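Asks: Before we start, here is the structure in question, set down as structure tokens.
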Protein chains: 2
Amino acid sequence: MTHLGEEEIADLAVGCTVLAGGGGGDPRIGHLMALNMVREHGPVPVIDVTEVPDDGLVISAGMIGAPTVMVEKIPSGAEGPVIRSTIEQQLGVKAHAMMPLEMGGLNGVLPVAWASATGLPLVDGDLMGRAFPEIQMCTPHLYDIPAWPCVMVDERSQAIIFEPRDNVWLEKLARNAVSTLGGCACAGLYPMTGAQARGPVIRGTVSTAVRIGRTVRTAREDPFGALDAEVGLYPLITGKVIDVDRRTAGGFVRGSAVIEGIEGDRGRLVRIEFQNENLVALEDGEALATVPDIITLLDKHTAYGIVTEHIRYGQRVVVGVIPSPAPWRTPRGLEVVGPRAFGYDVDYVPVEETHARVG
Amino acid sequence: MTHLGEEEIADLAVGCTVLAGGGGGDPRIGHLMALNMVREHGPVPVIDVTEVPDDGLVISAGMIGAPTVMVEKIPSGAEGPVIRSTIEQQLGVKAHAMMPLEMGGLNGVLPVAWASATGLPLVDGDLMGRAFPEIQMCTPHLYDIPAWPCVMVDERSQAIIFEPRDNVWLEKLARNAVSTLGGCACAGLYPMTGAQARGPVIRGTVSTAVRIGRTVRTAREDPFGALDAEVGLYPLITGKVIDVDRRTAGGFVRGSAVIEGIEGDRGRLVRIEFQNENLVALEDGEALATVPDIITLLDKHTAYGIVTEHIRYGQRVVVGVIPSPAPWRTPRGLEVVGPRAFGYDVDYVPVEETHARVG
């Protein structure tokens, strides 16, 4: 794939929602913003990170905050240029490309709009290979690459530039600023040269999400089988949402959803706990699956991903798990995004060891 | 006065505490830091704002947050250079001089240390002519001069740069950041050219504070009479502190102190309410004095000012009022720092109209 046009953007919006693990925000706003931009400026060129010159600057960008807020507090459209120009001014160099911070929901497609608005190509990759709720939960953090200079910008084009001590401090400072700005804001962070980026960037995730989206959008008979063929899908339960508890506070949405088994899973109850993204799936007090594996609620009929803020009583869903990107399965990766990083005193067990794929 | 040496700094620490209206922080830390710096680098040159070239950059600086926190969370000493270099980088010009943000407590003397550390002269003036708790409560705000680029820096040399929509938004964003940083942090803000600064700067306040400090420190017999001769002092009550209620939250200290009259004031009770600075003095539910007049608790024996965080049960005090600097007595000034700006539904009445001077 060399360009993102209208069809690819539609595919991307669906695919990155499957990959998000429940987070990243409702993609629809970002989808519309990206469509508007490419209708005006033409398709967005997509490049591999290996095509970025060694000293070329790549800016990762996305929305930060609570996805429940992003649904109604939408970007103005002016954020991309502010992110680009502010980071360029801080570093004194011109940007070469933009990249999604995470491959999830809104944050998979919004950077397409920003790449288009700033006239930059989009790198085919991201810093999570899925979505995670916190700033240090990005692959460059595993390489001790600083997330700053980081700029946060809201829909009033107010900018806050952070030069923190470390990435965890940035998470604290930025999260707090997001709360003051009303619960979400856009950000550019982890500026890297091409040489730096080639290590941490999870490559090809934009293409993968486009392929997933196309598969799900076009599968007539068996979307789950098609999805499984694309990414390897491990279903935990087929059921009905019978309870949702969602609290938006401190720049996150936290809570849980309970799925009651139907059909072959009748009699089972699975509880999903989330902090923006789904963190664990529990049954009878035991973890069926945990981060960093990607736990996604999928619509039982269409296999479309359901983001946290759209979980509703009565939805028929398949809770599916996609194996985590490889960098998160390392000891250092698990320190940063494993279950204990979120307060769960359980060991991470790769989903392939405990569950079977579709069919 | 052309330079601030050790003696002048000692005078300044005492004098600006009298002028602070209870806020600005305990001056002792700033006093020691300034002393250390001038012992190393020599006296700090003091200039009038009229001596700054039209295009010369003046950076105002001070600590922001709760004075109760400043007592134990002290600056590292590296903040001044970070403030200077960050604002210079943001604006792309070199600084000509530093200036105290406010003439109160710690914030009267800390900028002397920073001027010394950065090799800049100090402007003989400030942006309040006293101390106030919020960022928009500075005279440039009355001239629609933006407080940004504003840099906040903590003792770990973490920097946050704000480019807000307006000065009131900056107050929200900076106050919140201060809370995340532990309750206080240092800041450089309201960068102005010499031409801009000549309108809003309240001139000569460093010299005035030095004179007040010298007067109080050297008066043997009648410090109150000497202070009155210097600034015009309107005593409200002589009494004993019988109650203090102090809460540190949200980047401020808020609360009240009750003074029970002694000697000629026996039988009276006066309540002082504060948000960092003393806002109102109340008796029988009526306001005796309000912001922007400077309400200061003065030690009954020495006339030294007592900052909010040092008010203690049993202290013998004179509650004295010094008339507000002129810019705050205008209609626009009163909108920003009058009693209604702090939620008190009373009109401002200049203290000269209701009270008599000492003796």
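Every chain in the structure tokens takes a letter, A first, then B, and so on in the order presented; its residues are numbered from 1, and the ligands are numbered from 1 following the presented order.
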Tell me which protein, DNA and RNA residues are within 9 Å of A:Leu170, counting only C-alpha atoms, leaving out same-chain ones fewer than 5 positions away, and put them as an MDAnalysis selection string.

Replies: chainID A and resid 135:136 147:148 150 162:165 175

Asks: I'd like the contact shell of B:Pro191 - 7 Å cut-off, only C-alpha atoms, skipping same-chain residues fewer than 2 positions apart - returned as a PDB file with C-alpha atoms, in the first residue's frame.

Replies:
ATOM      1  CA  LEU B  57      13.349  41.547  26.973  1.00  0.00           C
ATOM      2  CA  VAL B  58      12.280  41.579  30.639  1.00  0.00           C
ATOM      3  CA  ILE B  59      11.329  38.236  32.240  1.00  0.00           C
ATOM      4  CA  SER B  60       9.163  38.298  35.362  1.00  0.00           C
ATOM      5  CA  ALA B 147       1.436  36.151  30.284  1.00  0.00           C
ATOM      6  CA  TRP B 148       2.920  33.651  27.827  1.00  0.00           C
ATOM      7  CA  LEU B 189       6.000  34.639  32.670  1.00  0.00           C
TER       8      LEU B 189
END

Asks: With chain B as the partner and 12 Å as the cut-off, tabulate the residues of chain A that qualify, each row holding the nearest pair of atoms and their distance in Å to one decimal, using only C-alpha atoms, sorted by chain and rising number, as a Markdown table.

Replies:
| residue | atom | partner | partner_atom | distance |
| --- | --- | --- | --- | --- |
| A:Val82 | CA | B:Glu163 | CA | 11.0 |
| A:Thr86 | CA | B:Gln90 | CA | 10.1 |
| A:Ile87 | CA | B:Gln90 | CA | 11.7 |
| A:Glu88 | CA | B:Gln90 | CA | 11.9 |
| A:Gln89 | CA | B:Gln90 | CA | 8.3 |
| A:Gln90 | CA | B:Gln90 | CA | 8.0 |
| A:Leu91 | CA | B:Gln89 | CA | 10.5 |
| A:Gly92 | CA | B:Gln89 | CA | 10.3 |
| A:Trp148 | CA | B:Ala159 | CA | 10.8 |
| A:Pro149 | CA | B:Ile160 | CA | 9.8 |
| A:Cys150 | CA | B:Ile160 | CA | 9.7 |
| A:Val151 | CA | B:Ile161 | CA | 9.1 |
| A:Met152 | CA | B:Phe162 | CA | 9.7 |
| A:Val153 | CA | B:Glu163 | CA | 9.3 |
| A:Asp154 | CA | B:Pro164 | CA | 9.6 |
| A:Glu155 | CA | B:Arg165 | CA | 10.6 |
| A:Arg156 | CA | B:Arg165 | CA | 7.0 |
| A:Ser157 | CA | B:Arg165 | CA | 7.4 |
| A:Gln158 | CA | B:Pro164 | CA | 4.6 |
| A:Ala159 | CA | B:Glu163 | CA | 4.9 |
| A:Ile160 | CA | B:Phe162 | CA | 4.6 |
| A:Ile161 | CA | B:Ile161 | CA | 4.8 |
| A:Phe162 | CA | B:Ile160 | CA | 4.6 |
| A:Glu163 | CA | B:Ala159 | CA | 4.9 |
| A:Pro164 | CA | B:Gln158 | CA | 4.5 |
| A:Arg165 | CA | B:Gln158 | CA | 5.5 |
| A:Asp166 | CA | B:Gln158 | CA | 8.9 |
| A:Asn167 | CA | B:Gln158 | CA | 11.5 |
| A:Trp169 | CA | B:Gln158 | CA | 9.0 |
| A:Leu170 | CA | B:Gln158 | CA | 9.5 |
| A:Glu171 | CA | B:Thr180 | CA | 10.8 |
| A:Lys172 | CA | B:Thr180 | CA | 7.2 |
| A:Leu173 | CA | B:Thr180 | CA | 6.4 |
| A:Ala174 | CA | B:Ala177 | CA | 8.9 |
| A:Arg175 | CA | B:Thr180 | CA | 9.5 |
| A:Asn176 | CA | B:Thr180 | CA | 6.9 |
| A:Ala177 | CA | B:Leu173 | CA | 6.6 |
| A:Val178 | CA | B:Leu173 | CA | 9.5 |
| A:Ser179 | CA | B:Asn176 | CA | 9.0 |
| A:Thr180 | CA | B:Leu173 | CA | 6.4 |
| A:Leu181 | CA | B:Leu173 | CA | 7.8 |
| A:Gly182 | CA | B:Leu173 | CA | 11.0 |
| A:Gly250 | CA | B:Thr180 | CA | 11.8 |

Asks: With N, CA and C atoms retained, could you export that selection as a short mmCIF file (atom, residue, chain, number, x, y, z; two decimals), in the first residue's frame?

Replies:
data_model
loop_
_atom_site.label_atom_id
_atom_site.label_comp_id
_atom_site.auth_asym_id
_atom_site.auth_seq_id
_atom_site.Cartn_x
_atom_site.Cartn_y
_atom_site.Cartn_z
N VAL A 82 -0.49 22.60 14.40
CA VAL A 82 0.13 23.11 15.64
C VAL A 82 1.13 22.09 16.18
N THR A 86 5.01 23.17 16.35
CA THR A 86 5.57 23.32 17.71
C THR A 86 6.76 22.39 17.90
N ILE A 87 6.63 21.15 17.48
CA ILE A 87 7.76 20.22 17.66
C ILE A 87 8.92 20.64 16.79
N GLU A 88 8.63 21.10 15.58
CA GLU A 88 9.71 21.60 14.72
C GLU A 88 10.43 22.78 15.39
N GLN A 89 9.65 23.68 15.99
CA GLN A 89 10.28 24.84 16.63
C GLN A 89 11.11 24.41 17.84
N GLN A 90 10.60 23.46 18.60
CA GLN A 90 11.34 23.02 19.79
C GLN A 90 12.67 22.36 19.40
N LEU A 91 12.64 21.60 18.31
CA LEU A 91 13.84 20.85 17.92
C LEU A 91 14.69 21.59 16.91
N GLY A 92 14.11 22.61 16.27
CA GLY A 92 14.89 23.36 15.28
C GLY A 92 15.13 22.59 13.99
N TRP A 148 9.61 13.30 24.89
CA TRP A 148 9.57 14.75 24.73
C TRP A 148 10.64 15.24 23.78
N PRO A 149 10.59 16.48 23.29
CA PRO A 149 9.54 17.45 23.57
C PRO A 149 8.18 16.93 23.09
N CYS A 150 7.21 17.07 23.99
CA CYS A 150 5.84 16.63 23.72
C CYS A 150 4.98 17.88 23.71
N VAL A 151 4.13 18.00 22.73
CA VAL A 151 3.20 19.13 22.73
C VAL A 151 1.78 18.59 22.82
N MET A 152 1.00 19.23 23.68
CA MET A 152 -0.42 18.91 23.78
C MET A 152 -1.17 20.13 23.25
N VAL A 153 -2.21 19.89 22.47
CA VAL A 153 -2.96 21.02 21.92
C VAL A 153 -4.45 20.70 21.97
N ASP A 154 -5.23 21.68 22.37
CA ASP A 154 -6.67 21.44 22.46
C ASP A 154 -7.40 22.09 21.29
N GLU A 155 -8.71 22.00 21.27
CA GLU A 155 -9.49 22.48 20.13
C GLU A 155 -9.51 24.01 20.06
N ARG A 156 -9.00 24.67 21.11
CA ARG A 156 -8.86 26.13 21.07
C ARG A 156 -7.45 26.51 20.58
N SER A 157 -6.68 25.51 20.17
CA SER A 157 -5.28 25.68 19.75
C SER A 157 -4.39 26.18 20.88
N GLN A 158 -4.77 25.90 22.11
CA GLN A 158 -3.88 26.14 23.24
C GLN A 158 -2.81 25.05 23.24
N ALA A 159 -1.56 25.43 23.40
CA ALA A 159 -0.48 24.44 23.39
C ALA A 159 0.23 24.41 24.74
N ILE A 160 0.58 23.20 25.15
CA ILE A 160 1.42 23.01 26.34
C ILE A 160 2.57 22.12 25.92
N ILE A 161 3.78 22.58 26.21
CA ILE A 161 4.97 21.83 25.81
C ILE A 161 5.62 21.26 27.05
N PHE A 162 5.91 19.99 27.04
CA PHE A 162 6.47 19.34 28.22
C PHE A 162 7.93 18.96 27.97
N GLU A 163 8.77 19.28 28.95
CA GLU A 163 10.17 18.85 28.94
C GLU A 163 10.41 18.17 30.29
N PRO A 164 9.86 16.97 30.47
CA PRO A 164 9.87 16.32 31.80
C PRO A 164 11.19 15.62 32.08
N ARG A 165 11.24 15.04 33.26
CA ARG A 165 12.43 14.31 33.67
C ARG A 165 12.49 12.93 33.02
N ASP A 166 11.33 12.30 32.88
CA ASP A 166 11.29 10.98 32.23
C ASP A 166 9.87 10.75 31.71
N ASN A 167 9.69 9.63 31.02
CA ASN A 167 8.41 9.38 30.35
C ASN A 167 7.26 9.16 31.34
N TRP A 169 7.00 10.63 34.31
CA TRP A 169 6.62 11.99 34.74
C TRP A 169 5.78 12.67 33.66
N LEU A 170 6.13 12.45 32.40
CA LEU A 170 5.34 13.05 31.33
C LEU A 170 3.90 12.55 31.39
N GLU A 171 3.74 11.26 31.62
CA GLU A 171 2.39 10.71 31.74
C GLU A 171 1.61 11.44 32.83
N LYS A 172 2.24 11.65 34.00
CA LYS A 172 1.55 12.35 35.09
C LYS A 172 1.17 13.77 34.69
N LEU A 173 2.16 14.48 34.14
CA LEU A 173 1.94 15.89 33.82
C LEU A 173 0.92 16.04 32.69
N ALA A 174 1.05 15.21 31.67
CA ALA A 174 0.15 15.32 30.53
C ALA A 174 -1.27 14.89 30.92
N ARG A 175 -1.38 13.84 31.72
CA ARG A 175 -2.70 13.36 32.12
C ARG A 175 -3.43 14.43 32.89
N ASN A 176 -2.69 15.10 33.77
CA ASN A 176 -3.29 16.16 34.56
C ASN A 176 -3.72 17.32 33.68
N ALA A 177 -2.88 17.65 32.71
CA ALA A 177 -3.22 18.76 31.80
C ALA A 177 -4.47 18.40 31.00
N VAL A 178 -4.55 17.15 30.58
CA VAL A 178 -5.72 16.68 29.84
C VAL A 178 -6.99 16.87 30.66
N SER A 179 -6.90 16.57 31.94
CA SER A 179 -8.07 16.75 32.81
C SER A 179 -8.48 18.22 32.84
N THR A 180 -7.48 19.11 32.97
CA THR A 180 -7.79 20.53 33.02
C THR A 180 -8.40 21.00 31.71
N LEU A 181 -7.97 20.40 30.61
CA LEU A 181 -8.48 20.79 29.30
C LEU A 181 -9.84 20.16 29.00
N GLY A 182 -10.38 19.42 29.97
CA GLY A 182 -11.74 18.91 29.80
C GLY A 182 -11.84 17.42 29.56
N GLY A 250 -10.02 11.62 35.95
CA GLY A 250 -8.56 11.67 35.91
C GLY A 250 -7.98 11.44 34.53
#

Asks: Between atom CA of B:Glu286 and atom CA of B:Tyr344, what is the distance, to one decimal in Å?

Replies: 11.1 Å

Asks: Which residue out of A:Ala13, A:Ile295, A:Val69, A:Ala287 has the minimum interatomic distance to A:Val321 when only C-alpha atoms are used?

Replies: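 Among A:Ala13, A:Ile295, A:Val69, A:Ala287, it is A:Ile295 that comes nearest to A:Val321.
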
Asks: When you look at stretch 20-31 of chain B with a cut-off of 7 Å (counting only C-alpha atoms), what residues show up, excluding the ones that are within fewer than 3 positions of it in the same chain? I need them as number ranges by chain.

Replies: B: 9-10, 13, 16-17, 34-35, 67, 70-71, 103-107, 109-110, 130-131, 276-278, 294-297, 306-308

Asks: Nearest to B:Ala326 among B:Gly359, B:Val201, B:Glu7, B:Gly80, with distances taken over only C-alpha atoms: which residue is it?

Replies: B:Val201

Asks: Give the answer as one residue: which of B:Ile237, B:Ala219, B:Cys138, B:Val210 has the shortest atom-to-atom distance to B:Arg266, using only C-alpha atoms?

Replies: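 Ranked by minimum distance to B:Arg266, first place goes to B:Ile237.
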
Asks: Which of stretch 165-307 of chain B end up as alpha helix (DSSP H) when DSSP is run on this backbone - answer as a CSV table (one decimal) with N, CA and C atoms, in the first residue's frame?

Replies:
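Final file, out24.csv:
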chain,number,residue,atom,x,y,z
B,167,ASN,N,-4.9,34.7,29.6
B,167,ASN,CA,-4.2,34.7,30.9
B,167,ASN,C,-5.0,33.9,31.9
B,168,VAL,N,-6.3,33.9,31.8
B,168,VAL,CA,-7.2,33.1,32.8
B,168,VAL,C,-7.0,31.6,32.5
B,169,TRP,N,-7.0,31.2,31.3
B,169,TRP,CA,-6.7,29.8,30.9
B,169,TRP,C,-5.3,29.5,31.5
B,170,LEU,N,-4.3,30.4,31.3
B,170,LEU,CA,-3.0,30.0,31.8
B,170,LEU,C,-3.1,29.8,33.3
B,171,GLU,N,-3.8,30.6,34.1
B,171,GLU,CA,-3.9,30.4,35.5
B,171,GLU,C,-4.5,28.9,35.8
B,172,LYS,N,-5.5,28.5,35.0
B,172,LYS,CA,-6.1,27.2,35.2
B,172,LYS,C,-5.0,26.1,34.9
B,173,LEU,N,-4.4,26.2,33.8
B,173,LEU,CA,-3.4,25.2,33.3
B,173,LEU,C,-2.2,25.2,34.3
B,174,ALA,N,-1.7,26.3,34.6
B,174,ALA,CA,-0.5,26.4,35.4
B,174,ALA,C,-0.8,25.9,36.9
B,175,ARG,N,-2.0,26.3,37.4
B,175,ARG,CA,-2.3,25.9,38.7
B,175,ARG,C,-2.4,24.4,38.8
B,176,ASN,N,-3.0,23.8,37.8
B,176,ASN,CA,-3.1,22.4,37.8
B,176,ASN,C,-1.8,21.7,37.7
B,177,ALA,N,-0.9,22.2,36.9
B,177,ALA,CA,0.4,21.6,36.7
B,177,ALA,C,1.2,21.7,38.0
B,178,VAL,N,1.0,22.9,38.7
B,178,VAL,CA,1.6,23.0,40.0
B,178,VAL,C,1.2,22.0,41.0
B,179,SER,N,-0.1,21.6,41.0
B,179,SER,CA,-0.6,20.6,41.9
B,179,SER,C,0.1,19.3,41.5
B,180,THR,N,0.2,19.0,40.3
B,180,THR,CA,0.8,17.7,39.9
B,180,THR,C,2.3,17.7,40.3
B,194,GLY,N,11.0,46.3,26.8
B,194,GLY,CA,11.1,47.5,27.6
B,194,GLY,C,9.9,48.4,27.3
B,195,ALA,N,9.6,48.5,26.0
B,195,ALA,CA,8.5,49.4,25.6
B,195,ALA,C,7.2,49.0,26.2
B,196,GLN,N,6.9,47.7,26.1
B,196,GLN,CA,5.7,47.2,26.7
B,196,GLN,C,5.7,47.3,28.2
B,197,ALA,N,6.8,47.1,28.9
B,197,ALA,CA,6.8,47.0,30.3
B,197,ALA,C,6.6,48.4,31.0
B,205,THR,N,9.3,49.3,43.4
B,205,THR,CA,8.9,48.5,44.5
B,205,THR,C,10.0,47.7,45.2
B,206,VAL,N,11.0,47.4,44.5
B,206,VAL,CA,12.2,46.7,45.1
B,206,VAL,C,12.8,47.7,46.1
B,207,SER,N,13.1,48.9,45.7
B,207,SER,CA,13.6,50.0,46.5
B,207,SER,C,12.7,50.2,47.7
B,208,THR,N,11.4,50.3,47.5
B,208,THR,CA,10.5,50.6,48.5
B,208,THR,C,10.5,49.5,49.6
B,209,ALA,N,10.6,48.2,49.1
B,209,ALA,CA,10.6,47.1,50.1
B,209,ALA,C,11.9,47.1,50.8
B,210,VAL,N,13.0,47.5,50.2
B,210,VAL,CA,14.3,47.6,50.9
B,210,VAL,C,14.2,48.7,52.0
B,211,ARG,N,13.6,49.8,51.6
B,211,ARG,CA,13.4,50.9,52.6
B,211,ARG,C,12.6,50.5,53.8
B,212,ILE,N,11.4,49.8,53.5
B,212,ILE,CA,10.5,49.3,54.5
B,212,ILE,C,11.3,48.3,55.4
B,213,GLY,N,12.0,47.4,54.8
B,213,GLY,CA,12.8,46.4,55.6
B,213,GLY,C,13.8,47.1,56.5
B,214,ARG,N,14.5,48.1,56.0
B,214,ARG,CA,15.5,48.8,56.8
B,214,ARG,C,14.8,49.5,57.9
B,215,THR,N,13.7,50.2,57.6
B,215,THR,CA,13.0,50.9,58.7
B,215,THR,C,12.6,49.9,59.8
B,216,VAL,N,12.0,48.8,59.4
B,216,VAL,CA,11.5,47.9,60.4
B,216,VAL,C,12.6,47.3,61.2
B,217,ARG,N,13.7,46.9,60.5
B,217,ARG,CA,14.8,46.3,61.1
B,217,ARG,C,15.6,47.2,62.1
B,218,THR,N,15.6,48.5,61.8
B,218,THR,CA,16.4,49.4,62.6
B,218,THR,C,15.6,50.2,63.6
B,223,PRO,N,8.4,50.9,65.9
B,223,PRO,CA,8.5,50.4,64.5
B,223,PRO,C,7.2,50.7,63.7
B,224,PHE,N,6.1,50.8,64.4
B,224,PHE,CA,4.8,51.1,63.7
B,224,PHE,C,4.7,52.5,63.2
B,225,GLY,N,5.2,53.4,64.0
B,225,GLY,CA,5.3,54.8,63.6
B,225,GLY,C,6.2,55.0,62.4
B,226,ALA,N,7.4,54.3,62.5
B,226,ALA,CA,8.4,54.4,61.4
B,226,ALA,C,7.8,53.8,60.1
B,227,LEU,N,7.1,52.7,60.2
B,227,LEU,CA,6.5,52.0,59.1
B,227,LEU,C,5.4,52.9,58.5
B,228,ASP,N,4.6,53.5,59.3
B,228,ASP,CA,3.6,54.4,58.9
B,228,ASP,C,4.2,55.6,58.1
B,229,ALA,N,5.3,56.1,58.6
B,229,ALA,CA,5.9,57.2,57.9
B,229,ALA,C,6.4,56.8,56.5
B,230,GLU,N,6.7,55.5,56.4
B,230,GLU,CA,7.3,55.0,55.1
B,230,GLU,C,6.1,54.7,54.1
B,231,VAL,N,5.1,54.1,54.5
B,231,VAL,CA,4.1,53.6,53.6
B,231,VAL,C,2.6,54.0,53.9

Asks: Env of A:Asp124: 10 Å cut, atoms = only C-alpha atoms, seq-sep filter 3 positions within chain, self excluded. Answer as an MDAnalysis selection string.

Replies: chainID A and resid 1:2 45:49 98:100 121 201:208

Asks: Identify which of the residues A:Lys94, A:Ala117, A:Leu233, A:Ile83 lies closest to A:Glu40, counting only C-alpha atoms when measuring atom-to-atom distances.

Replies: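 Nearest candidate to A:Glu40 out of A:Lys94, A:Ala117, A:Leu233, A:Ile83: A:Ala117.
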
Asks: Check stretch 76-265 of chain B with DSSP on the backbone and list each residue it calls strand (DSSP E or B), as a PyMOL selection string.

Replies: chain B and resi 95-100+122-123+125-126+150-153+159-163+184-193+202-203+234-249+252-261

Asks: Since we have the selection now, will you write its residues out, keeping C-alpha atoms, as a tab-separated table (two decimals), in the first residue's frame?

Replies:
chain	number	residue	atom	x	y	z
B	95	ALA	CA	16.86	38.56	27.89
B	96	HIS	CA	17.89	42.00	29.08
B	97	ALA	CA	16.70	41.86	32.71
B	98	MET	CA	14.80	39.88	35.28
B	99	MET	CA	12.04	41.23	37.51
B	100	PRO	CA	10.07	39.94	40.50
B	122	LEU	CA	16.99	43.18	38.29
B	123	VAL	CA	14.31	45.69	37.36
B	125	GLY	CA	9.59	47.02	40.13
B	126	ASP	CA	7.09	44.19	39.88
B	150	CYS	CA	5.22	31.01	30.31
B	151	VAL	CA	7.61	28.38	31.57
B	152	MET	CA	7.15	26.45	34.79
B	153	VAL	CA	10.13	24.58	36.20
B	159	ALA	CA	9.95	22.36	32.32
B	160	ILE	CA	6.41	22.93	31.08
B	161	ILE	CA	5.82	25.67	28.53
B	162	PHE	CA	2.35	27.13	28.16
B	163	GLU	CA	0.91	28.81	25.07
B	184	CYS	CA	4.56	24.66	44.08
B	185	ALA	CA	6.98	25.36	41.25
B	186	CYS	CA	8.98	28.24	39.82
B	187	ALA	CA	7.83	30.17	36.78
B	188	GLY	CA	8.87	32.80	34.29
B	189	LEU	CA	6.00	34.64	32.67
B	190	TYR	CA	4.75	37.92	31.21
B	191	PRO	CA	7.85	38.33	29.05
B	192	MET	CA	7.75	41.95	27.84
B	193	THR	CA	9.89	44.33	25.88
B	202	ILE	CA	4.77	49.15	39.19
B	203	ARG	CA	8.01	51.06	39.53
B	234	TYR	CA	-3.89	51.85	58.87
B	235	PRO	CA	-4.21	49.52	61.88
B	236	LEU	CA	-7.48	47.58	62.21
B	237	ILE	CA	-6.96	45.82	65.53
B	238	THR	CA	-4.30	44.87	68.04
B	239	GLY	CA	-4.90	41.38	69.31
B	240	LYS	CA	-4.06	37.77	69.81
B	241	VAL	CA	-4.49	34.97	67.28
B	242	ILE	CA	-7.07	32.61	68.80
B	243	ASP	CA	-7.86	30.41	65.81
B	244	VAL	CA	-6.24	29.42	62.51
B	245	ASP	CA	-7.80	27.27	59.81
B	246	ARG	CA	-5.49	26.49	56.91
B	247	ARG	CA	-6.13	24.03	54.04
B	248	THR	CA	-3.63	23.38	51.26
B	249	ALA	CA	-5.41	22.18	48.13
B	252	PHE	CA	-3.35	27.30	47.02
B	253	VAL	CA	-3.58	27.61	50.78
B	254	ARG	CA	-7.02	28.79	51.86
B	255	GLY	CA	-8.43	29.46	55.28
B	256	SER	CA	-8.88	32.04	58.00
B	257	ALA	CA	-7.46	33.40	61.24
B	258	VAL	CA	-9.37	34.96	64.11
B	259	ILE	CA	-7.82	37.81	66.12
B	260	GLU	CA	-9.21	38.62	69.56
B	261	GLY	CA	-8.64	42.23	70.62

Asks: In terms of the shortest atom-to-atom distance over only C-alpha atoms, which of A:Glu6, A:Glu309, A:Glu352, A:Glu283 is closest to A:Gly232?

Replies: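 Smallest separation from A:Gly232 among the options: A:Glu352.
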
Asks: For B:Glu51, which residue out of B:Thr302, B:Ala113, B:Arg198, B:His3 is the nearest one, using only C-alpha atoms?

Replies: B:Arg198

Asks: Take atom CA of A:Tyr313 and atom CA of A:Ala281 and report the distance between them in Å, one decimal.

Replies: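 It comes out at 17.5 Å.
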
Asks: Could you jot down the atom CA of A:Gly199 to atom CA of A:Pro327 separation for me, Å, one decimal place?

Replies: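 Interatomic distance, atom CA of A:Gly199 to atom CA of A:Pro327: 10.6 Å.
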